[in-house]
file structure-v1.txt (compact mmCIF, C-alpha atoms and all ligand atoms)
# COMPACT_ATOMS: atom_id res chain seq x y z
CA MET A 1 19.21 -13.89 18.21
CA LEU A 2 18.67 -13.74 21.96
CA ILE A 3 16.79 -10.69 23.23
CA GLN A 4 17.02 -10.19 26.96
CA GLY A 5 17.19 -7.64 29.74
CA ILE A 6 14.50 -5.31 28.42
CA LYS A 7 12.72 -3.46 31.20
CA VAL A 8 10.42 -0.48 30.70
CA LYS A 9 9.15 1.65 33.55
CA ILE A 10 6.89 4.66 33.08
CA GLY A 11 6.45 6.68 36.27
CA ASN A 12 6.07 4.08 38.98
CA ARG A 13 4.59 1.48 36.68
CA LEU A 14 6.58 -1.43 35.29
CA ILE A 15 5.32 -1.77 31.71
CA LEU A 16 7.73 -4.54 30.63
CA SER A 17 9.81 -6.90 32.74
CA ASP A 18 11.50 -10.31 32.62
CA ILE A 19 11.78 -10.13 28.85
CA GLN A 20 13.82 -12.95 27.33
CA PHE A 21 13.16 -14.58 24.00
CA GLU A 22 14.85 -15.85 20.89
CA LEU A 23 14.09 -13.78 17.79
CA SER A 24 14.32 -16.48 15.13
CA ARG A 25 14.22 -16.57 11.34
CA GLY A 26 10.62 -16.76 10.19
CA VAL A 27 7.44 -15.50 11.77
CA ASN A 28 7.62 -14.67 15.50
CA LEU A 29 4.15 -13.79 16.68
CA VAL A 30 3.36 -11.71 19.78
CA LEU A 31 -0.12 -12.26 21.23
CA GLY A 32 -1.84 -10.83 24.28
CA GLN A 33 -4.66 -8.67 25.59
CA ASN A 34 -4.98 -4.94 24.95
CA GLY A 35 -2.40 -3.27 27.15
CA ALA A 36 -0.33 -6.46 27.62
CA GLY A 37 2.80 -4.67 26.38
CA LYS A 38 3.11 -5.87 22.77
CA THR A 39 3.73 -2.48 21.16
CA THR A 40 6.13 -1.49 23.93
CA LEU A 41 8.04 -4.74 23.38
CA LEU A 42 8.24 -4.15 19.62
CA ARG A 43 9.52 -0.59 20.08
CA SER A 44 12.02 -1.68 22.72
CA VAL A 45 13.45 -4.43 20.50
CA ILE A 46 13.75 -1.94 17.62
CA GLN A 47 15.85 0.26 19.92
CA VAL A 48 17.99 -2.61 21.22
CA LEU A 49 18.74 -3.81 17.68
CA ARG A 50 19.29 -0.37 16.08
CA GLY A 51 21.99 -0.53 13.45
CA THR A 52 20.50 -3.63 11.82
CA ARG A 53 18.49 -3.44 8.59
CA GLN A 54 15.00 -2.93 9.98
CA GLY A 55 11.54 -2.43 8.58
CA TYR A 56 8.71 -1.21 10.81
CA VAL A 57 4.99 -1.02 10.31
CA PRO A 58 3.45 0.86 13.26
CA SER A 59 -0.17 0.27 14.20
CA GLU A 60 -0.89 3.98 13.92
CA PHE A 61 0.84 6.41 11.62
CA SER A 62 0.74 10.00 10.40
CA SER A 63 -0.16 10.90 6.82
CA PRO A 64 2.47 13.22 5.34
CA GLU A 65 1.48 15.35 2.35
CA ILE A 66 3.85 13.52 0.02
CA SER A 67 3.37 10.98 -2.75
CA VAL A 68 3.22 7.24 -2.16
CA GLU A 69 6.49 6.90 -4.08
CA ASP A 70 8.16 9.40 -1.74
CA VAL A 71 6.83 7.55 1.31
CA LEU A 72 8.46 4.38 -0.01
CA LEU A 73 11.78 6.11 -0.63
CA ALA A 74 11.77 8.22 2.56
CA GLY A 75 14.85 7.83 4.75
CA THR A 76 16.69 5.58 2.28
CA ARG A 77 18.95 5.77 -0.75
CA ASN A 78 16.81 3.19 -2.49
CA ARG A 79 15.37 3.39 -5.97
CA LEU A 80 11.81 2.42 -6.70
CA ARG A 81 13.07 -0.85 -8.21
CA ASN A 82 14.03 -2.03 -4.71
CA TYR A 83 10.33 -2.10 -3.87
CA GLU A 84 9.18 -3.70 -7.15
CA PRO A 85 8.78 -7.29 -5.92
CA PHE A 86 6.29 -6.19 -3.28
CA ILE A 87 4.52 -3.45 -5.27
CA ASP A 88 2.84 -6.06 -7.43
CA SER A 89 2.36 -8.79 -4.86
CA LEU A 90 0.61 -6.32 -2.54
CA GLY A 91 -1.30 -4.68 -5.40
CA ILE A 92 -0.20 -1.08 -4.80
CA ARG A 93 1.12 -0.14 -8.28
CA ARG A 94 -2.05 1.85 -9.04
CA LEU A 95 -1.39 3.95 -5.90
CA LEU A 96 2.17 5.05 -6.66
CA GLY A 97 1.36 8.51 -8.11
CA ARG A 98 -1.20 9.34 -5.43
CA ALA A 99 -0.73 11.62 -2.43
CA PHE A 100 -0.26 9.31 0.57
CA SER A 101 -2.68 11.37 2.69
CA THR A 102 -5.54 10.67 0.24
CA LEU A 103 -5.30 6.86 0.51
CA SER A 104 -7.72 4.79 2.56
CA THR A 105 -6.45 3.39 5.87
CA GLY A 106 -5.97 -0.09 4.38
CA GLU A 107 -4.19 1.30 1.30
CA LYS A 108 -1.81 3.29 3.53
CA LYS A 109 -1.07 0.15 5.50
CA LEU A 110 -0.23 -1.81 2.32
CA VAL A 111 2.23 0.94 1.31
CA LEU A 112 3.94 0.83 4.71
CA ILE A 113 4.09 -2.97 4.60
CA THR A 114 5.70 -2.78 1.13
CA LYS A 115 8.30 -0.36 2.52
CA ALA A 116 9.08 -2.49 5.56
CA LEU A 117 9.39 -5.73 3.57
CA ALA A 118 11.77 -4.18 1.05
CA GLU A 119 13.94 -2.40 3.62
CA GLY A 120 14.18 -4.81 6.52
CA GLU A 121 16.04 -7.97 7.23
CA LEU A 122 14.35 -7.72 10.61
CA VAL A 123 10.76 -6.72 10.05
CA PHE A 124 8.65 -5.41 12.92
CA MET A 125 4.93 -5.20 12.31
CA ASP A 126 2.34 -3.95 14.78
CA GLU A 127 -1.04 -5.41 13.82
CA PRO A 128 -0.22 -5.51 10.09
CA THR A 129 -3.52 -6.98 8.91
CA SER A 130 -5.92 -4.95 11.06
CA GLY A 131 -8.11 -2.89 8.76
CA LEU A 132 -7.28 -4.96 5.66
CA ASP A 133 -9.94 -6.77 3.63
CA VAL A 134 -9.78 -10.54 3.27
CA ARG A 135 -7.92 -10.53 -0.06
CA ASN A 136 -5.32 -8.09 1.21
CA GLN A 137 -4.90 -10.05 4.45
CA ALA A 138 -4.21 -13.11 2.32
CA ARG A 139 -1.75 -11.16 0.14
CA VAL A 140 0.19 -9.92 3.18
CA ILE A 141 0.26 -13.32 4.87
CA SER A 142 1.33 -15.03 1.65
CA VAL A 143 4.19 -12.57 0.95
CA ILE A 144 5.44 -12.84 4.54
CA SER A 145 5.23 -16.61 4.37
CA SER A 146 7.35 -16.65 1.20
CA LEU A 147 10.06 -14.62 3.00
CA ARG A 148 10.22 -16.69 6.16
CA THR A 149 13.55 -18.32 5.34
CA GLU A 150 15.21 -14.96 4.50
CA LYS A 151 13.95 -12.60 7.17
CA SER A 152 12.92 -12.46 10.81
CA PHE A 153 9.48 -11.07 11.51
CA LEU A 154 8.27 -9.87 14.90
CA ILE A 155 4.54 -9.39 14.50
CA THR A 156 1.87 -8.37 17.01
CA THR A 157 -1.71 -9.24 16.26
CA HIS A 158 -5.16 -9.78 17.70
CA ASP A 159 -6.05 -11.99 14.76
CA LEU A 160 -5.80 -15.63 15.83
CA ASN A 161 -5.66 -16.67 12.14
CA TRP A 162 -1.98 -15.75 12.18
CA ILE A 163 -1.19 -18.65 14.49
CA GLY A 164 -1.69 -21.10 11.61
CA MET A 165 1.20 -19.56 9.66
CA ALA A 166 3.53 -18.58 12.53
CA ASP A 167 6.76 -20.39 13.35
CA TRP A 168 7.13 -19.12 16.91
CA VAL A 169 4.60 -17.62 19.29
CA MET A 170 5.02 -15.64 22.47
CA VAL A 171 2.10 -14.70 24.66
CA MET A 172 2.22 -11.59 26.85
CA LYS A 173 0.24 -10.64 29.90
CA GLY A 174 0.78 -7.75 32.30
CA GLY A 175 4.07 -6.74 30.67
CA LYS A 176 5.61 -10.21 30.84
CA ILE A 177 6.04 -13.04 28.35
CA ILE A 178 3.99 -15.77 30.01
CA TRP A 179 4.46 -18.45 27.32
CA GLN A 180 6.70 -19.01 24.30
CA SER A 181 7.30 -21.94 22.02
CA THR A 182 6.64 -23.16 18.50
CA ALA A 183 3.22 -22.35 17.08
CA ASN A 184 2.43 -26.08 16.96
CA GLU A 185 2.66 -26.31 20.72
CA LEU A 186 0.17 -23.55 21.41
CA ASN A 187 -3.03 -24.79 23.01
CA GLU A 188 -6.42 -23.54 24.15
CA GLU A 189 -5.40 -23.32 27.79
CA VAL A 190 -2.60 -20.84 27.10
CA LEU A 191 -4.85 -18.57 25.04
CA GLU A 192 -7.74 -18.82 27.48
CA ASN A 193 -5.42 -17.74 30.27
CA ALA A 194 -4.00 -14.91 28.15
CA TYR A 195 -7.32 -13.52 26.97
CA GLU A 196 -9.56 -14.65 29.84
CA SER A 197 -11.98 -15.91 27.17
CA LYS A 198 -13.09 -19.26 25.84
CA VAL A 199 -11.07 -20.39 22.83
CA LYS A 200 -11.41 -23.48 20.67
CA ARG A 201 -8.73 -25.17 18.58
CA ILE A 202 -9.66 -26.79 15.30
CA ASN A 203 -7.39 -28.58 12.88
CA VAL A 204 -7.66 -27.56 9.23
CA ASP A 205 -5.34 -29.27 6.71
CA GLY A 206 -2.89 -30.10 9.49
CA LYS A 207 -2.81 -26.51 10.78
CA ASN A 208 -3.97 -25.41 14.21
CA ILE A 209 -6.63 -22.75 13.91
CA PHE A 210 -8.01 -21.02 17.00
CA ILE A 211 -11.42 -19.40 17.18
CA LEU A 212 -13.33 -17.62 19.90
CA ASN A 213 -15.72 -20.08 21.51
CA ILE A 214 -18.64 -17.79 22.26
N1 LIG B 301 3.49 6.70 27.59
C1 LIG B 301 2.80 5.91 28.42
N2 LIG B 301 2.40 6.36 29.63
C2 LIG B 301 1.72 5.57 30.47
N3 LIG B 301 1.39 4.30 30.20
C3 LIG B 301 1.76 3.79 29.03
C4 LIG B 301 2.49 4.57 28.06
N4 LIG B 301 2.72 3.79 26.98
C5 LIG B 301 2.16 2.60 27.25
N5 LIG B 301 1.59 2.60 28.48
C6 LIG B 301 0.87 1.48 29.11
O1 LIG B 301 1.67 0.34 28.95
C7 LIG B 301 0.85 -0.81 28.77
C8 LIG B 301 1.30 -1.55 27.52
O2 LIG B 301 0.96 -0.77 26.37
P1 LIG B 301 1.17 -1.35 24.90
O3 LIG B 301 0.77 -0.27 23.94
O4 LIG B 301 2.54 -1.88 24.80
O5 LIG B 301 0.10 -2.53 24.89
P2 LIG B 301 -0.36 -3.48 23.69
O6 LIG B 301 -0.22 -4.88 24.17
O7 LIG B 301 0.35 -3.11 22.43
O8 LIG B 301 -1.91 -3.11 23.60
P3 LIG B 301 -2.92 -3.07 22.35
O9 LIG B 301 -3.23 -4.49 22.00
O10 LIG B 301 -4.12 -2.37 22.93
O11 LIG B 301 -2.29 -2.29 21.24
C9 LIG B 301 -0.59 -0.31 28.71
O12 LIG B 301 -1.21 -0.53 29.96
C10 LIG B 301 -0.45 1.16 28.43
O13 LIG B 301 -1.52 1.88 28.98

call {"tool": "encode", "arguments": {"input": "structure-v1.txt", "output": "structure tokens"}}
result
Amino acid sequence: MLIQGIKVKIGNRLILSDIQFELSRGVNLVLGQNGAGKTTLLRSVIQVLRGTRQGYVPSEFSSPEISVEDVLLAGTRNRLRNYEPFIDSLGIRRLLGRAFSTLSTGEKKLVLITKALAEGELVFMDEPTSGLDVRNQARVISVISSLRTEKSFLITTHDLNWIGMADWVMVMKGGKIIWQSTANELNEEVLENAYESKVKRINVDGKNIFILNI
């Protein structure tokens, strides 16, 4: 699906411009410095594509005084069984009866990820694994990977580990997409330009892994 023509201006400042990219099946990763425009892009695409079956995990969220089960069902006509496949794979069954506001930050995030995965054909996730422990990061990445032929994911992250499992990557800087292609084609130069930091690529089991070269 071609996304184009998005422009966001706040006051006199152009926050997003020259946006054109293909939102493909699988994992579409959005990388870039703090303030590059990733969240604004995600929110703009959600608006442009309203009317489609969407799931959204924001990077920051409020904590309503309702149960976890009610958070899952909020805004839908779903039954709990619609969420079942993800409740176990993300390990949140033990949380279902709890008040959402009493969960830890990581637990809240897992609940919102469960909701988005079950509800969306297009799934937008803003830094989905930030604040998650290693096992839960692996759980989230593994579930998303298993859904890559069924759904389209648009995911922002600062975690370079995601590159190894992404299908497509776009890199933002100063409100523009400065590079986009398959994850396999991403190289150190692109990331060093994006982050203005030294980055090293290593190959592990045929996958490109990028690490900070400090
Ligand atoms: N309501 C607003 N008023 C003024 N500036 C804004 C507003 N919302 C966003 N911006 C600016 O737009 C730019 C892009 O913000 P955005 O949140 O999209 O960045 P980001 O790439 O998601 O950053 P981060 O990695 O820190 O989450 C930033 O410079 C931010 O300060």

call {"tool": "closest_atom_pairs", "arguments": {"input": "structure-v1.txt", "of": "chain A", "to": "ligand LIG 301 (chain B)", "cutoff": "8 Å", "atoms": "all atoms listed in the file", "output": "CSV"}}
result
residue,atom,partner,partner_atom,distance
A:Ile10,CA,B:LIG301,C2,5.9
A:Gly11,CA,B:LIG301,C2,7.6
A:Arg13,CA,B:LIG301,N3,7.8
A:Ile15,CA,B:LIG301,O1,5.0
A:Leu16,CA,B:LIG301,C8,7.7
A:Leu31,CA,B:LIG301,O6,7.9
A:Gly32,CA,B:LIG301,O6,6.2
A:Gln33,CA,B:LIG301,O9,5.7
A:Asn34,CA,B:LIG301,O10,3.4
A:Gly35,CA,B:LIG301,O5,3.5
A:Ala36,CA,B:LIG301,O6,3.8
A:Gly37,CA,B:LIG301,O4,3.2
A:Lys38,CA,B:LIG301,O6,3.7
A:Thr39,CA,B:LIG301,O7,3.7
A:Thr40,CA,B:LIG301,O4,3.7
A:Leu41,CA,B:LIG301,O4,6.4
A:Ser59,CA,B:LIG301,O11,7.8
A:Asp126,CA,B:LIG301,O7,7.9
A:Thr156,CA,B:LIG301,O7,7.7
A:Thr157,CA,B:LIG301,O9,7.6
A:His158,CA,B:LIG301,O9,7.1
A:Met172,CA,B:LIG301,O6,7.6
A:Gly174,CA,B:LIG301,C7,7.8
A:Gly175,CA,B:LIG301,C8,6.7

call {"tool": "residues_around", "arguments": {"input": "structure-v1.txt", "residues": "Lys115 in chain A", "least_positions_apart": "4", "cutoff": "9 Å", "atoms": "only C-alpha atoms", "output": "tab-separated table (two decimals) with C-alpha atoms, in the coordinates of the input"}}
result
chain	number	residue	atom	x	y	z
A	55	GLY	CA	11.54	-2.43	8.58
A	56	TYR	CA	8.71	-1.21	10.81
A	57	VAL	CA	4.99	-1.02	10.31
A	71	VAL	CA	6.83	7.55	1.31
A	72	LEU	CA	8.46	4.38	-0.01
A	73	LEU	CA	11.78	6.11	-0.63
A	83	TYR	CA	10.33	-2.10	-3.87
A	86	PHE	CA	6.29	-6.19	-3.28
A	110	LEU	CA	-0.23	-1.81	2.32
A	111	VAL	CA	2.23	0.94	1.31
A	119	GLU	CA	13.94	-2.40	3.62
A	120	GLY	CA	14.18	-4.81	6.52

call {"tool": "atom_distance", "arguments": {"input": "structure-v1.txt", "atom1": "CA of Leu96 in chain A", "atom2": "CA of Val143 in chain A"}}
result
19.3 Å

call {"tool": "residues_around", "arguments": {"input": "structure-v1.txt", "residues": "Gly5 in chain A", "least_positions_apart": "3", "cutoff": "12 Å", "atoms": "all atoms listed in the file", "output": "PDB file with C-alpha atoms, in the coordinates of the input"}}
result
ATOM      1  CA  LEU A   2      18.670 -13.740  21.960  1.00  0.00           C
ATOM      2  CA  VAL A   8      10.420  -0.480  30.700  1.00  0.00           C
ATOM      3  CA  LEU A  16       7.730  -4.540  30.630  1.00  0.00           C
ATOM      4  CA  SER A  17       9.810  -6.900  32.740  1.00  0.00           C
ATOM      5  CA  ASP A  18      11.500 -10.310  32.620  1.00  0.00           C
ATOM      6  CA  ILE A  19      11.780 -10.130  28.850  1.00  0.00           C
ATOM      7  CA  GLN A  20      13.820 -12.950  27.330  1.00  0.00           C
ATOM      8  CA  PHE A  21      13.160 -14.580  24.000  1.00  0.00           C
ATOM      9  CA  LEU A  41       8.040  -4.740  23.380  1.00  0.00           C
ATOM     10  CA  SER A  44      12.020  -1.680  22.720  1.00  0.00           C
ATOM     11  CA  VAL A  45      13.450  -4.430  20.500  1.00  0.00           C
ATOM     12  CA  VAL A  48      17.990  -2.610  21.220  1.00  0.00           C
ATOM     13  CA  LYS A 176       5.610 -10.210  30.840  1.00  0.00           C
TER      14      LYS A 176
END

call {"tool": "atom_distance", "arguments": {"input": "structure-v1.txt", "atom1": "CA of Ser152 in chain A", "atom2": "CA of Trp179 in chain A"}}
result
19.5 Å

call {"tool": "atom_distance", "arguments": {"input": "structure-v1.txt", "atom1": "CA of Ala166 in chain A", "atom2": "CA of Thr52 in chain A"}}
result
22.6 Å

call {"tool": "axis_aligned_box", "arguments": {"input": "structure-v1.txt", "around": "range 11-27 of chain A", "padding_each_side": "3 Å", "output": "AutoDock Vina command-line options"}}
result
--center_x 9.7 --center_y -5.0 --center_z 24.6 --size_x 16.3 --size_y 29.4 --size_z 34.8

call {"tool": "residues_around", "arguments": {"input": "structure-v1.txt", "residues": "Arg135 in chain A", "least_positions_apart": "6", "cutoff": "12 Å", "atoms": "only C-alpha atoms", "output": "list in words"}}
result
Ser89, Leu90, Gly91, Gly106, Leu110, Thr129, Ile141 and Ser142 of chain A

call {"tool": "residues_around", "arguments": {"input": "structure-v1.txt", "residues": "Ile66 in chain A", "least_positions_apart": "3", "cutoff": "9 Å", "atoms": "all atoms listed in the file", "output": "VMD selection string"}}
result
chain A and resid 63 69 to 71 98 to 101

call {"tool": "closest_residue", "arguments": {"input": "structure-v1.txt", "among": "A:Asn28, A:Ser67, A:Asn203, A:Ser104", "to": "Phe124 in chain A", "atoms": "all atoms listed in the file"}}
result
A:Asn28

call {"tool": "closest_residue", "arguments": {"input": "structure-v1.txt", "among": "A:Asp133, A:Glu121, A:Glu192, A:Glu60", "to": "Arg148 in chain A", "atoms": "all atoms listed in the file"}}
result
A:Glu121

call {"tool": "closest_residue", "arguments": {"input": "structure-v1.txt", "among": "A:Leu95, A:Asn82, A:Leu42, A:Thr114", "to": "Val30 in chain A", "atoms": "all atoms listed in the file"}}
result
A:Leu42

call {"tool": "residues_around", "arguments": {"input": "structure-v1.txt", "residues": "Ile163 in chain A", "least_positions_apart": "6", "cutoff": "10 Å", "atoms": "only C-alpha atoms", "output": "NGL selection string"}}
result
:A and (27-31 or 157 or 169 or 182-184 or 186 or 207-210)

call {"tool": "closest_residue", "arguments": {"input": "structure-v1.txt", "among": "A:Lys151, A:Phe61, A:Val190, A:Gly164", "to": "Ile202 in chain A", "atoms": "all atoms listed in the file"}}
result
A:Gly164

call {"tool": "build_atoms", "arguments": {"input": "structure-v1.txt", "residues": "range 62-94 of chain A", "atoms": "N, CA and C atoms", "output": "PDB file, in the frame of the given file"}}
result
ATOM      1  N   SER A  62       1.167   8.694  10.914  1.00  0.00           N
ATOM      2  CA  SER A  62       0.740  10.000  10.400  1.00  0.00           C
ATOM      3  C   SER A  62       0.615   9.894   8.874  1.00  0.00           C
ATOM      4  N   SER A  63       0.036  10.918   8.268  1.00  0.00           N
ATOM      5  CA  SER A  63      -0.160  10.900   6.820  1.00  0.00           C
ATOM      6  C   SER A  63       0.493  12.128   6.196  1.00  0.00           C
ATOM      7  N   PRO A  64       1.792  12.050   5.903  1.00  0.00           N
ATOM      8  CA  PRO A  64       2.470  13.220   5.340  1.00  0.00           C
ATOM      9  C   PRO A  64       1.902  13.580   3.967  1.00  0.00           C
ATOM     10  N   GLU A  65       2.004  14.863   3.639  1.00  0.00           N
ATOM     11  CA  GLU A  65       1.480  15.350   2.350  1.00  0.00           C
ATOM     12  C   GLU A  65       2.502  15.095   1.249  1.00  0.00           C
ATOM     13  N   ILE A  66       2.900  13.857   1.089  1.00  0.00           N
ATOM     14  CA  ILE A  66       3.850  13.520   0.020  1.00  0.00           C
ATOM     15  C   ILE A  66       3.292  12.335  -0.762  1.00  0.00           C
ATOM     16  N   SER A  67       3.906  12.048  -1.908  1.00  0.00           N
ATOM     17  CA  SER A  67       3.370  10.980  -2.750  1.00  0.00           C
ATOM     18  C   SER A  67       3.696   9.613  -2.155  1.00  0.00           C
ATOM     19  N   VAL A  68       2.973   8.607  -2.609  1.00  0.00           N
ATOM     20  CA  VAL A  68       3.220   7.240  -2.160  1.00  0.00           C
ATOM     21  C   VAL A  68       4.664   6.839  -2.478  1.00  0.00           C
ATOM     22  N   GLU A  69       5.119   7.217  -3.681  1.00  0.00           N
ATOM     23  CA  GLU A  69       6.490   6.900  -4.080  1.00  0.00           C
ATOM     24  C   GLU A  69       7.497   7.505  -3.089  1.00  0.00           C
ATOM     25  N   ASP A  70       7.243   8.747  -2.682  1.00  0.00           N
ATOM     26  CA  ASP A  70       8.160   9.400  -1.740  1.00  0.00           C
ATOM     27  C   ASP A  70       8.095   8.772  -0.343  1.00  0.00           C
ATOM     28  N   VAL A  71       6.923   8.273   0.030  1.00  0.00           N
ATOM     29  CA  VAL A  71       6.830   7.550   1.310  1.00  0.00           C
ATOM     30  C   VAL A  71       7.713   6.312   1.241  1.00  0.00           C
ATOM     31  N   LEU A  72       7.638   5.594   0.127  1.00  0.00           N
ATOM     32  CA  LEU A  72       8.460   4.380  -0.010  1.00  0.00           C
ATOM     33  C   LEU A  72       9.943   4.706   0.102  1.00  0.00           C
ATOM     34  N   LEU A  73      10.353   5.799  -0.566  1.00  0.00           N
ATOM     35  CA  LEU A  73      11.780   6.110  -0.630  1.00  0.00           C
ATOM     36  C   LEU A  73      12.299   6.876   0.593  1.00  0.00           C
ATOM     37  N   ALA A  74      11.386   7.356   1.429  1.00  0.00           N
ATOM     38  CA  ALA A  74      11.770   8.220   2.560  1.00  0.00           C
ATOM     39  C   ALA A  74      12.815   7.544   3.459  1.00  0.00           C
ATOM     40  N   GLY A  75      13.849   8.305   3.787  1.00  0.00           N
ATOM     41  CA  GLY A  75      14.850   7.830   4.750  1.00  0.00           C
ATOM     42  C   GLY A  75      15.811   6.792   4.183  1.00  0.00           C
ATOM     43  N   THR A  76      15.796   6.585   2.865  1.00  0.00           N
ATOM     44  CA  THR A  76      16.690   5.580   2.280  1.00  0.00           C
ATOM     45  C   THR A  76      17.401   6.161   1.053  1.00  0.00           C
ATOM     46  N   ARG A  77      18.349   5.400   0.532  1.00  0.00           N
ATOM     47  CA  ARG A  77      18.950   5.770  -0.750  1.00  0.00           C
ATOM     48  C   ARG A  77      18.448   4.838  -1.846  1.00  0.00           C
ATOM     49  N   ASN A  78      17.354   4.162  -1.547  1.00  0.00           N
ATOM     50  CA  ASN A  78      16.810   3.190  -2.490  1.00  0.00           C
ATOM     51  C   ASN A  78      16.267   3.837  -3.748  1.00  0.00           C
ATOM     52  N   ARG A  79      16.131   3.026  -4.773  1.00  0.00           N
ATOM     53  CA  ARG A  79      15.370   3.390  -5.970  1.00  0.00           C
ATOM     54  C   ARG A  79      14.055   2.625  -5.903  1.00  0.00           C
ATOM     55  N   LEU A  80      13.119   3.069  -6.711  1.00  0.00           N
ATOM     56  CA  LEU A  80      11.810   2.420  -6.700  1.00  0.00           C
ATOM     57  C   LEU A  80      11.928   0.922  -7.019  1.00  0.00           C
ATOM     58  N   ARG A  81      12.945   0.566  -7.820  1.00  0.00           N
ATOM     59  CA  ARG A  81      13.070  -0.850  -8.210  1.00  0.00           C
ATOM     60  C   ARG A  81      13.306  -1.761  -6.997  1.00  0.00           C
ATOM     61  N   ASN A  82      13.834  -1.217  -5.914  1.00  0.00           N
ATOM     62  CA  ASN A  82      14.030  -2.030  -4.710  1.00  0.00           C
ATOM     63  C   ASN A  82      12.700  -2.509  -4.113  1.00  0.00           C
ATOM     64  N   TYR A  83      11.639  -1.767  -4.448  1.00  0.00           N
ATOM     65  CA  TYR A  83      10.330  -2.100  -3.870  1.00  0.00           C
ATOM     66  C   TYR A  83       9.469  -2.936  -4.817  1.00  0.00           C
ATOM     67  N   GLU A  84       9.969  -3.068  -6.086  1.00  0.00           N
ATOM     68  CA  GLU A  84       9.180  -3.700  -7.150  1.00  0.00           C
ATOM     69  C   GLU A  84       8.576  -5.055  -6.772  1.00  0.00           C
ATOM     70  N   PRO A  85       9.357  -5.968  -6.172  1.00  0.00           N
ATOM     71  CA  PRO A  85       8.780  -7.290  -5.920  1.00  0.00           C
ATOM     72  C   PRO A  85       7.516  -7.229  -5.069  1.00  0.00           C
ATOM     73  N   PHE A  86       7.429  -6.237  -4.199  1.00  0.00           N
ATOM     74  CA  PHE A  86       6.290  -6.190  -3.280  1.00  0.00           C
ATOM     75  C   PHE A  86       5.169  -5.281  -3.801  1.00  0.00           C
ATOM     76  N   ILE A  87       5.532  -4.368  -4.718  1.00  0.00           N
ATOM     77  CA  ILE A  87       4.520  -3.450  -5.270  1.00  0.00           C
ATOM     78  C   ILE A  87       3.430  -4.252  -5.969  1.00  0.00           C
ATOM     79  N   ASP A  88       3.854  -5.269  -6.729  1.00  0.00           N
ATOM     80  CA  ASP A  88       2.840  -6.060  -7.430  1.00  0.00           C
ATOM     81  C   ASP A  88       2.188  -7.081  -6.512  1.00  0.00           C
ATOM     82  N   SER A  89       2.995  -7.753  -5.675  1.00  0.00           N
ATOM     83  CA  SER A  89       2.360  -8.790  -4.860  1.00  0.00           C
ATOM     84  C   SER A  89       1.385  -8.200  -3.837  1.00  0.00           C
ATOM     85  N   LEU A  90       1.570  -6.933  -3.462  1.00  0.00           N
ATOM     86  CA  LEU A  90       0.610  -6.320  -2.540  1.00  0.00           C
ATOM     87  C   LEU A  90      -0.387  -5.411  -3.266  1.00  0.00           C
ATOM     88  N   GLY A  91      -0.290  -5.376  -4.601  1.00  0.00           N
ATOM     89  CA  GLY A  91      -1.300  -4.680  -5.400  1.00  0.00           C
ATOM     90  C   GLY A  91      -1.332  -3.176  -5.234  1.00  0.00           C
ATOM     91  N   ILE A  92      -0.162  -2.541  -5.043  1.00  0.00           N
ATOM     92  CA  ILE A  92      -0.200  -1.080  -4.800  1.00  0.00           C
ATOM     93  C   ILE A  92       0.301  -0.253  -5.993  1.00  0.00           C
ATOM     94  N   ARG A  93       0.570  -0.898  -7.148  1.00  0.00           N
ATOM     95  CA  ARG A  93       1.120  -0.140  -8.280  1.00  0.00           C
ATOM     96  C   ARG A  93       0.205   1.041  -8.656  1.00  0.00           C
ATOM     97  N   ARG A  94      -1.105   0.788  -8.636  1.00  0.00           N
ATOM     98  CA  ARG A  94      -2.050   1.850  -9.040  1.00  0.00           C
ATOM     99  C   ARG A  94      -2.031   3.032  -8.065  1.00  0.00           C
TER     100      ARG A  94
END
